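Undergrad: Just so it is clear, I am handing over run06.cif, which has mmCIF, C-alpha atoms and all ligand atoms.
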data_coords
#
loop_
_atom_site.label_atom_id
_atom_site.label_comp_id
_atom_site.auth_asym_id
_atom_site.auth_seq_id
_atom_site.Cartn_x
_atom_site.Cartn_y
_atom_site.Cartn_z
CA MET A 1 45.66 118.26 135.05
CA ALA A 2 41.98 118.77 135.83
CA ASP A 3 41.09 116.02 133.37
CA VAL A 4 43.44 113.62 135.12
CA TRP A 5 41.78 114.56 138.38
CA LEU A 6 38.31 113.98 136.97
CA ARG A 7 39.34 110.57 135.71
CA MET A 8 40.64 109.81 139.17
CA VAL A 9 37.28 110.78 140.69
CA LEU A 10 35.52 108.37 138.35
CA THR A 11 38.02 105.63 139.08
CA VAL A 12 37.73 106.09 142.81
CA LEU A 13 33.96 106.11 142.69
CA THR A 14 33.97 102.71 141.00
CA GLN A 15 36.74 101.06 142.97
CA ILE A 16 36.49 98.98 146.08
CA THR A 17 38.85 98.21 148.94
CA LYS A 18 40.29 94.77 149.40
CA CYS A 19 40.51 94.29 153.12
CA GLY A 20 43.64 92.74 154.64
CA ASP A 21 44.23 93.47 158.31
CA GLY A 22 41.54 96.20 158.28
CA LYS A 23 43.80 98.84 159.80
CA ASP A 24 43.85 101.16 156.78
CA THR A 25 40.22 100.78 155.79
CA SER A 26 37.50 102.99 157.21
CA PHE A 27 34.78 100.78 158.65
CA TRP A 28 31.94 103.13 157.69
CA LYS A 29 33.25 105.30 154.88
CA ASP A 30 35.22 102.99 152.60
CA HIS A 31 33.53 100.57 150.25
CA TRP A 32 34.97 97.28 151.51
CA VAL A 33 32.02 94.92 151.89
CA GLY A 34 28.72 94.55 150.01
CA GLU A 35 27.52 96.93 147.35
CA MET A 36 28.17 100.27 149.04
CA PRO A 37 29.96 101.88 152.02
CA LEU A 38 28.32 100.89 155.31
CA MET A 39 27.57 104.54 156.20
CA THR A 40 25.35 104.64 153.10
CA LYS A 41 23.68 101.32 153.77
CA TYR A 42 23.16 101.94 157.51
CA PRO A 43 22.97 105.73 157.98
CA ARG A 44 21.20 105.52 161.36
CA LEU A 45 23.77 103.18 162.78
CA PHE A 46 26.49 105.42 161.39
CA ALA A 47 24.87 108.38 163.17
CA ALA A 48 25.01 106.39 166.40
CA GLU A 49 28.71 105.51 165.95
CA GLU A 50 31.03 107.04 168.52
CA GLU A 51 34.08 107.42 166.24
CA GLU A 52 32.98 107.88 162.66
CA ASP A 53 36.53 107.46 161.31
CA CYS A 54 37.16 104.11 162.98
CA SER A 55 38.88 101.40 160.95
CA VAL A 56 37.62 97.93 160.14
CA ALA A 57 40.18 96.57 162.61
CA ASP A 58 38.76 98.85 165.32
CA ARG A 59 35.31 97.34 165.01
CA PHE A 60 35.91 93.79 163.83
CA GLN A 61 38.71 91.48 164.89
CA HIS A 62 39.02 87.71 165.23
CA GLN A 63 35.41 87.45 164.07
CA ARG A 64 34.24 89.45 167.08
CA PHE A 65 32.54 92.84 167.05
CA ASN A 66 33.74 95.74 169.12
CA TRP A 67 30.94 98.31 168.83
CA LYS A 68 31.12 101.80 170.31
CA TRP A 69 27.81 103.63 170.19
CA ARG A 70 27.01 107.12 171.39
CA GLY A 71 25.17 107.09 174.70
CA GLU A 72 23.51 103.90 175.80
CA ASN A 73 23.09 100.62 173.98
CA LEU A 74 21.05 100.50 170.80
CA ARG A 75 17.33 99.86 170.99
CA GLY A 76 14.43 98.99 168.67
CA ARG A 77 15.07 99.63 164.95
CA LEU A 78 18.74 100.34 165.55
CA GLU A 79 19.23 97.04 167.33
CA GLU A 80 17.55 95.28 164.36
CA GLN A 81 19.83 97.10 161.93
CA LYS A 82 22.86 96.10 163.96
CA ILE A 83 21.84 92.47 163.64
CA CYS A 84 21.52 92.88 159.82
CA LEU A 85 24.96 94.51 159.74
CA GLU A 86 26.47 91.66 161.75
CA GLU A 87 24.93 89.22 159.27
CA ASP A 88 26.51 91.15 156.39
CA LEU A 89 29.89 90.71 158.02
CA GLN A 90 29.64 87.07 159.05
CA ASN A 91 31.69 85.77 156.11
CA ILE A 92 34.43 88.39 156.37
CA ARG A 93 37.87 87.08 157.32
CA LEU A 94 40.63 89.57 158.00
CA THR A 95 44.19 88.54 157.19
CA ALA A 96 47.64 89.67 158.25
CA ALA A 97 48.24 91.42 154.89
CA LYS A 98 48.03 95.18 154.46
CA ASP A 99 44.77 96.63 153.08
CA LYS A 100 44.83 97.36 149.36
CA TRP A 101 42.67 99.24 146.90
CA HIS A 102 41.33 97.08 144.17
CA ILE A 103 40.80 98.98 140.91
CA PRO A 104 39.27 96.69 138.28
CA ASP A 105 40.48 98.55 135.17
CA ALA A 106 43.97 99.45 136.28
CA PRO A 107 46.86 97.50 134.69
CA ASN A 108 48.18 96.58 138.11
CA SER A 109 44.87 96.25 139.84
CA GLU A 110 46.06 96.65 143.43
CA PHE A 111 47.64 99.58 145.23
CA THR A 112 48.37 100.04 148.89
CA VAL A 113 45.87 102.28 150.61
CA SER A 114 48.51 104.70 151.83
CA TRP A 115 49.92 105.08 148.32
CA PHE A 116 46.49 105.64 146.87
CA ARG A 117 45.52 108.09 149.57
CA GLN A 118 48.59 110.12 148.79
CA MET A 119 47.74 110.11 145.08
CA ALA A 120 44.10 110.87 145.61
CA TRP A 121 44.51 113.08 148.64
CA SER A 122 42.11 115.59 147.20
CA LEU A 123 39.37 112.97 147.45
CA GLU A 124 39.92 111.79 150.99
CA SER A 125 36.83 113.39 152.34
CA PHE A 126 33.69 114.41 150.57
CA PRO A 127 32.03 117.72 151.29
CA THR A 128 29.53 117.55 154.09
CA GLN A 129 28.28 121.04 154.80
CA LEU A 130 29.70 123.04 151.95
CA PRO A 131 27.84 125.80 150.14
CA ASP A 132 26.24 124.91 146.84
CA ILE A 133 28.84 125.80 144.22
CA TRP A 134 27.50 123.74 141.34
CA SER A 135 26.22 125.70 138.38
CA SER A 136 25.46 124.83 134.78
CA TRP A 137 27.08 128.12 133.74
CA ILE A 138 30.52 127.02 134.88
CA PRO A 139 32.71 124.29 133.30
CA LYS A 140 32.95 121.32 135.67
CA ARG A 141 36.71 121.30 135.95
CA LYS A 142 36.57 124.95 137.12
CA ILE A 143 34.02 124.05 139.79
CA ILE A 144 36.16 121.14 140.89
CA LEU A 145 39.11 123.41 141.61
CA ALA A 146 36.84 125.64 143.73
CA TRP A 147 35.61 122.54 145.55
CA ARG A 148 39.18 121.50 146.24
CA VAL A 149 40.00 124.99 147.55
CA LEU A 150 37.00 124.81 149.88
CA ARG A 151 38.25 121.45 151.14
CA ARG A 152 41.83 122.81 151.39
CA ARG A 153 42.92 120.13 148.94
CA VAL A 154 45.11 122.18 146.66
CA PRO A 155 48.87 121.58 146.76
CA VAL A 156 50.05 124.86 148.27
CA LYS A 157 53.31 124.56 150.20
CA SER A 158 51.85 124.32 153.70
CA THR A 159 49.45 121.57 152.62
CA LEU A 160 52.26 119.60 151.00
CA ALA A 161 54.34 119.98 154.15
CA ASP A 162 51.38 118.69 156.22
CA MET A 163 51.30 115.64 153.94
CA GLY A 164 54.92 114.94 154.81
CA VAL A 165 56.50 116.31 151.63
CA ASP A 166 59.91 117.76 152.39
CA MET A 167 59.61 121.44 151.39
CA HIS A 168 62.61 123.68 150.99
CA ASP A 169 60.64 126.62 152.41
CA LEU A 170 57.01 127.48 153.00
CA LEU A 171 57.03 131.02 151.70
CA CYS A 172 54.51 132.20 149.12
CA PRO A 173 56.18 132.09 145.69
CA LEU A 174 54.46 135.35 144.69
CA CYS A 175 55.26 137.68 147.60
CA SER A 176 57.89 135.68 149.56
CA SER A 177 56.65 137.29 152.77
CA HIS A 178 54.02 134.89 154.16
CA VAL A 179 53.56 131.15 154.54
CA GLU A 180 51.78 129.82 151.48
CA ASP A 181 48.53 128.33 152.75
CA VAL A 182 45.11 128.25 151.10
CA GLU A 183 43.85 131.51 152.64
CA HIS A 184 46.99 133.38 151.79
CA THR A 185 47.09 132.15 148.20
CA PHE A 186 43.45 132.77 147.37
CA ILE A 187 42.55 135.75 149.57
CA LYS A 188 45.38 137.57 151.32
CA CYS A 189 48.29 137.58 148.90
CA SER A 190 48.45 141.06 147.36
CA TRP A 191 47.83 139.81 143.82
CA ALA A 192 44.69 137.93 144.84
CA GLU A 193 43.55 140.75 147.11
CA SER A 194 43.77 143.25 144.25
CA LEU A 195 41.62 141.03 142.07
CA TRP A 196 38.95 140.69 144.76
CA THR A 197 38.96 144.48 145.12
CA ARG A 198 38.50 144.88 141.36
CA ILE A 199 35.57 142.48 141.47
CA SER A 200 33.81 144.40 144.24
CA GLN A 201 34.35 147.63 142.29
CA TRP A 202 32.84 145.97 139.23
CA TRP A 203 29.89 144.79 141.31
CA ASN A 204 29.60 148.19 142.90
CA ILE A 205 29.71 146.94 146.47
CA PRO A 206 32.17 147.71 149.28
CA THR A 207 34.98 145.11 149.45
CA PRO A 208 33.98 142.68 152.22
CA ASN A 209 36.76 141.54 154.55
CA PHE A 210 36.84 137.79 154.07
CA GLU A 211 38.99 135.32 155.97
CA SER A 212 38.32 132.33 153.71
CA ILE A 213 36.87 131.24 150.38
CA LEU A 214 34.17 129.45 152.36
CA GLY A 215 33.30 132.83 153.90
CA ILE A 216 32.78 134.33 150.44
CA PHE A 217 30.38 131.60 149.35
CA GLU A 218 28.52 131.73 152.67
CA TRP A 219 28.16 135.47 152.28
CA ILE A 220 26.58 134.98 148.83
CA ASP A 221 24.26 132.31 150.18
CA LYS A 222 23.00 134.69 152.85
CA CYS A 223 22.78 137.75 150.56
CA ARG A 224 19.26 139.02 150.05
CA GLU A 225 19.69 139.20 146.33
CA THR A 226 17.97 137.70 143.33
CA GLU A 227 18.99 134.22 142.23
CA LEU A 228 20.34 135.72 139.01
CA LYS A 229 22.61 138.12 140.87
CA LYS A 230 23.84 135.31 143.10
CA GLU A 231 24.54 133.15 140.07
CA ILE A 232 26.63 135.90 138.46
CA MET A 233 28.51 136.37 141.74
CA LYS A 234 29.17 132.65 142.12
CA THR A 235 30.34 132.38 138.51
CA THR A 236 32.73 135.30 138.94
CA ILE A 237 34.13 133.94 142.19
CA ILE A 238 34.82 130.51 140.73
CA ALA A 239 36.42 132.09 137.65
CA ASN A 240 38.60 134.17 139.98
CA ILE A 241 39.69 131.19 142.08
CA ASN A 242 40.81 129.46 138.88
CA LEU A 243 42.55 132.58 137.63
CA ILE A 244 44.48 133.02 140.89
CA TRP A 245 45.57 129.37 140.80
CA ASP A 246 46.63 129.56 137.14
CA HIS A 247 48.60 132.72 137.83
CA ARG A 248 50.33 131.18 140.85
CA ASN A 249 51.29 128.09 138.82
CA GLY A 250 52.39 130.25 135.88
CA VAL A 251 54.78 132.14 138.16
CA ILE A 252 56.21 128.94 139.66
CA PHE A 253 56.42 126.71 136.61
CA ASP A 254 56.70 129.10 133.65
CA LYS A 255 58.20 132.15 135.40
CA LYS A 256 55.30 134.09 133.91
CA GLU A 257 53.96 137.17 135.76
CA SER A 258 50.70 138.75 134.71
CA SER A 259 49.46 142.25 135.54
CA ILE A 260 46.28 142.80 137.57
CA ASP A 261 44.77 144.84 134.71
CA LEU A 262 45.26 142.02 132.25
CA ALA A 263 44.07 139.39 134.71
CA PHE A 264 40.90 141.32 135.45
CA VAL A 265 40.10 141.71 131.74
CA ARG A 266 40.62 137.97 131.36
CA LEU A 267 38.31 137.31 134.29
CA GLN A 268 35.52 139.47 132.87
CA ASP A 269 35.94 137.88 129.43
CA GLU A 270 35.72 134.41 130.89
CA VAL A 271 32.59 135.14 132.94
CA THR A 272 30.98 136.79 129.89
CA PHE A 273 31.83 133.81 127.69
CA TRP A 274 30.52 131.25 130.19
CA ILE A 275 27.20 133.04 130.62
CA GLU A 276 26.76 133.65 126.89
CA SER A 277 27.65 130.14 125.85
CA ARG A 278 26.24 128.10 128.71
CA SER A 279 23.17 129.94 129.97
CA PHE A 280 20.17 129.39 127.73
CA LYS A 281 17.91 131.78 129.57
CA TYR A 282 20.00 134.92 129.85
CA ARG A 283 21.76 137.30 127.51
CA ILE A 284 24.25 140.04 128.26
CA ASP A 285 23.91 143.64 127.13
CA LYS A 286 27.54 144.54 126.54
CA SER A 287 26.87 148.29 126.50
CA PHE A 288 26.72 148.35 130.30
CA TRP A 289 27.87 144.87 131.34
CA PHE A 290 31.26 146.23 132.39
CA SER A 291 29.76 149.03 134.46
CA SER A 292 26.60 147.41 135.89
CA PRO A 293 26.81 143.65 135.41
CA PHE A 294 23.69 142.79 137.40
CA LYS A 295 21.49 145.03 135.26
CA ALA A 296 23.07 143.98 131.99
CA CYS A 297 22.27 140.30 132.33
CA LYS A 298 18.67 139.73 131.28
CA MET A 299 16.23 137.05 130.23
ZN ZN A 301 51.89 135.88 148.80
#
Could you take the file, read its structure, and then write that structure out as structure tokens?
Ligand SMILES: [Zn+2]
TA:
Amino acid sequence: MADVWLRMVLTVLTQITKCGDGKDTSFWKDHWVGEMPLMTKYPRLFAAEEEEDCSVADRFQHQRFNWKWRGENLRGRLEEQKICLEEDLQNIRLTAAKDKWHIPDAPNSEFTVSWFRQMAWSLESFPTQLPDIWSSWIPKRKIILAWRVLRRRVPVKSTLADMGVDMHDLLCPLCSSHVEDVEHTFIKCSWAESLWTRISQWWNIPTPNFESILGIFEWIDKCRETELKKEIMKTTIIANINLIWDHRNGVIFDKKESSIDLAFVRLQDEVTFWIESRSFKYRIDKSFWFSSPFKACKM
């Protein structure tokens, strides 16, 4: 599944929108004219835009521009950039047809935007102010799941219902006592909560009371700890997010329950394996890795 998702990321990064009536295409964020999205080409103008999610149709209709800038009219460099932008758009003609995505390598190279958005809903928005979760110690597809959790782009029941999918019920498939949203699944559900407690015991720190996955990463960012310790923490957290998701899917799709003890052993094994096989600088002293992980990982 993660591989499919990765392929989709690559596809989306190389595709371009074919503009019809401009109503389904983001003026600034989609790649619909020229060699890149307009927010990338004209970042200052984008910063001055009043509604950053406006569509092409909102700003450009019947060959006339309908600008909405923050505050007063543009001056100086910004005014010059606006003129360049208007030149870029002078040959654009909108039509009455619906906007489509054009994907060069796909067998049927056009899809409607709404269809594609639904398929690629996890990609709709890119992270803006998210903590740094990238690490060479962690396999990419594992990081990508964590990234999707941070963006609330994992298909838990409440998210699917928000997308208009008709759900039979919204209850968590593990405990059946709360609505299944991202926070519940990854933090509050008793299975997940027990794993987080085990991790804090392993790390020898009191269990912090987190409300969100974002909160956990922000807490690490602010910790006055060594970079090595933070890296081990980040690696463990991302392994745990993946483990919780796998367990949840195992229960739903394979009717497979797993005990906390077993899951925690699996988590520790995975973190150990990632560090040993992917970190060139550090080695793990197994004699006390399971009691004092931060001391057992050395250059
Ligand atoms: Zn639950």
Undergrad: Please tabulate, as a tab-separated table, the residues of chain A that come within 6 Å of ligand ZN 301 (chain A), each with its closest pair of atoms and the distance in Å to one decimal, counting all atoms listed in the file and ordering rows by chain, then residue number upward.
TA:
residue	atom	partner	partner_atom	distance
A:Cys172	CA	A:ZN301	ZN	4.5
A:Leu174	CA	A:ZN301	ZN	4.9
A:Cys175	CA	A:ZN301	ZN	4.0
A:His178	CA	A:ZN301	ZN	5.9
A:Cys189	CA	A:ZN301	ZN	4.0
Undergrad: Which residues come within 9 Å of Ser212 (chain A), counting all atoms listed in the file, excluding same-chain residues fewer than 6 positions away, as a PyMOL selection string?
TA: chain A and resi 150+182-184+186-187
Undergrad: Mind writing the picked residues with C-alpha atoms as a compact mmCIF listing (two decimals), in the coordinates of the input?
TA:
# COMPACT_ATOMS: atom_id res chain seq x y z
CA LEU A 150 37.00 124.81 149.88
CA VAL A 182 45.11 128.25 151.10
CA GLU A 183 43.85 131.51 152.64
CA HIS A 184 46.99 133.38 151.79
CA PHE A 186 43.45 132.77 147.37
CA ILE A 187 42.55 135.75 149.57
Undergrad: Expressed in Å to a single decimal, how great is the separation between CA of Ser177 (chain A) and CA of Lys255 (chain A)?
TA: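 For CA of Ser177 (chain A) relative to CA of Lys255 (chain A), the distance reads 18.2 Å.
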Undergrad: Using CA of Val179 (chain A) and CA of Ser158 (chain A) as the two end points, give the distance in Å to one decimal.
TA: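 Spanning CA of Val179 (chain A) to CA of Ser158 (chain A) is a straight-line distance of 7.1 Å.
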Undergrad: Which residues are near Lys23 (chain A)? Cut-off 9 Å, only C-alpha atoms, ignore same chain within fewer than 5 positions. Put them as a PyMOL selection string.
TA: chain A and resi 55-58+98-99
Undergrad: Please list as a short mmCIF file (atom, residue, chain, number, x, y, z; two decimals) with C-alpha atoms, in the coordinates of the input every residue within 12 Å of region 51-53 of chain A, counting all atoms listed in the file and excluding residues in the same chain fewer than 4 positions away.
TA:
data_model
loop_
_atom_site.label_atom_id
_atom_site.label_comp_id
_atom_site.auth_asym_id
_atom_site.auth_seq_id
_atom_site.Cartn_x
_atom_site.Cartn_y
_atom_site.Cartn_z
CA LYS A 23 43.80 98.84 159.80
CA ASP A 24 43.85 101.16 156.78
CA THR A 25 40.22 100.78 155.79
CA SER A 26 37.50 102.99 157.21
CA PHE A 27 34.78 100.78 158.65
CA TRP A 28 31.94 103.13 157.69
CA LYS A 29 33.25 105.30 154.88
CA ASP A 30 35.22 102.99 152.60
CA LEU A 38 28.32 100.89 155.31
CA MET A 39 27.57 104.54 156.20
CA PRO A 43 22.97 105.73 157.98
CA LEU A 45 23.77 103.18 162.78
CA PHE A 46 26.49 105.42 161.39
CA ALA A 47 24.87 108.38 163.17
CA ALA A 57 40.18 96.57 162.61
CA ASP A 58 38.76 98.85 165.32
CA ARG A 59 35.31 97.34 165.01
CA TRP A 67 30.94 98.31 168.83
CA LYS A 68 31.12 101.80 170.31
CA TRP A 69 27.81 103.63 170.19
CA ARG A 70 27.01 107.12 171.39
CA GLU A 124 39.92 111.79 150.99
CA SER A 125 36.83 113.39 152.34
#
Undergrad: Which distance in Å separates CA of Trp203 (chain A) and CA of Lys140 (chain A), to one decimal?
TA: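 CA of Lys140 (chain A) lies at a distance of 24.3 Å from CA of Trp203 (chain A).
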Undergrad: Restricting the calculation to all atoms listed in the file, which member of A:Ile284, A:Ile216, A:Val156, A:Met233 is positioned closest to Asn204 (chain A)?
TA: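 Among A:Ile284, A:Ile216, A:Val156, A:Met233, it is A:Met233 that comes nearest to Asn204 (chain A).
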Undergrad: Adding 3 Å on each side of the box along x, y and z that holds all listed atoms of region 212-222 of chain A, could you give its centre and edge lengths in Å to one decimal, as lines of an AutoDock Vina configuration file?
TA:
center_x = 30.7
center_y = 132.5
center_z = 151.4
size_x = 21.3
size_y = 12.0
size_z = 11.1
Undergrad: Taking all atoms listed in the file into account, name the residue in A:Lys82, A:Lys298, A:Arg153, A:Arg44 that is nearest to Ile232 (chain A).
TA: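 Under the stated criterion, the closest residue is A:Lys298.
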Undergrad: Arg198 (chain A): which residues within 12 Å, counting only C-alpha atoms, same-chain residues fewer than 2 positions away excluded, as a list in words?
TA: Trp191, Ala192, Glu193, Ser194, Leu195, Trp196, Ser200, Gln201, Trp202, Trp203, Asn204, Ile205, Pro206, Thr207, Pro208, Thr236, Ile237, Asn240, Ile260, Asp261, Leu262, Ala263, Phe264, Val265, Leu267, Gln268, Phe290 and Ser291 of chain A
Undergrad: I need the chosen residues saved as a compact mmCIF listing (two decimals), in the frame of the given file, with C-alpha atoms.
TA:
# COMPACT_ATOMS: atom_id res chain seq x y z
CA TRP A 191 47.83 139.81 143.82
CA ALA A 192 44.69 137.93 144.84
CA GLU A 193 43.55 140.75 147.11
CA SER A 194 43.77 143.25 144.25
CA LEU A 195 41.62 141.03 142.07
CA TRP A 196 38.95 140.69 144.76
CA SER A 200 33.81 144.40 144.24
CA GLN A 201 34.35 147.63 142.29
CA TRP A 202 32.84 145.97 139.23
CA TRP A 203 29.89 144.79 141.31
CA ASN A 204 29.60 148.19 142.90
CA ILE A 205 29.71 146.94 146.47
CA PRO A 206 32.17 147.71 149.28
CA THR A 207 34.98 145.11 149.45
CA PRO A 208 33.98 142.68 152.22
CA THR A 236 32.73 135.30 138.94
CA ILE A 237 34.13 133.94 142.19
CA ASN A 240 38.60 134.17 139.98
CA ILE A 260 46.28 142.80 137.57
CA ASP A 261 44.77 144.84 134.71
CA LEU A 262 45.26 142.02 132.25
CA ALA A 263 44.07 139.39 134.71
CA PHE A 264 40.90 141.32 135.45
CA VAL A 265 40.10 141.71 131.74
CA LEU A 267 38.31 137.31 134.29
CA GLN A 268 35.52 139.47 132.87
CA PHE A 290 31.26 146.23 132.39
CA SER A 291 29.76 149.03 134.46
Undergrad: Quick one: residues within 9 Å of Ile238 (chain A), only C-alpha atoms, excluding same-chain residues fewer than 5 positions away - as a count of residues only?
TA: 8
Undergrad: Using only C-alpha atoms, can you tell me which of A:Pro155, A:Trp274, A:Gly22, A:Pro173 comes closest to His247 (chain A)?
TA: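 For His247 (chain A), the nearest of the candidates is A:Pro173.
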Undergrad: Could you check the closest approach to Ser279 (chain A) for each of A:Asp246, A:Glu231, A:Asp169, A:Glu257 and tell me which residue wins, using all atoms listed in the file?
TA: A:Glu231
Undergrad: Around (29.0, 135.2, 147.3), as given in the file, which residues come within 9 Å? Count all atoms listed in the file and list them as a ChimeraX atom specification.
TA: /A:215-223,230-231,233-234,237
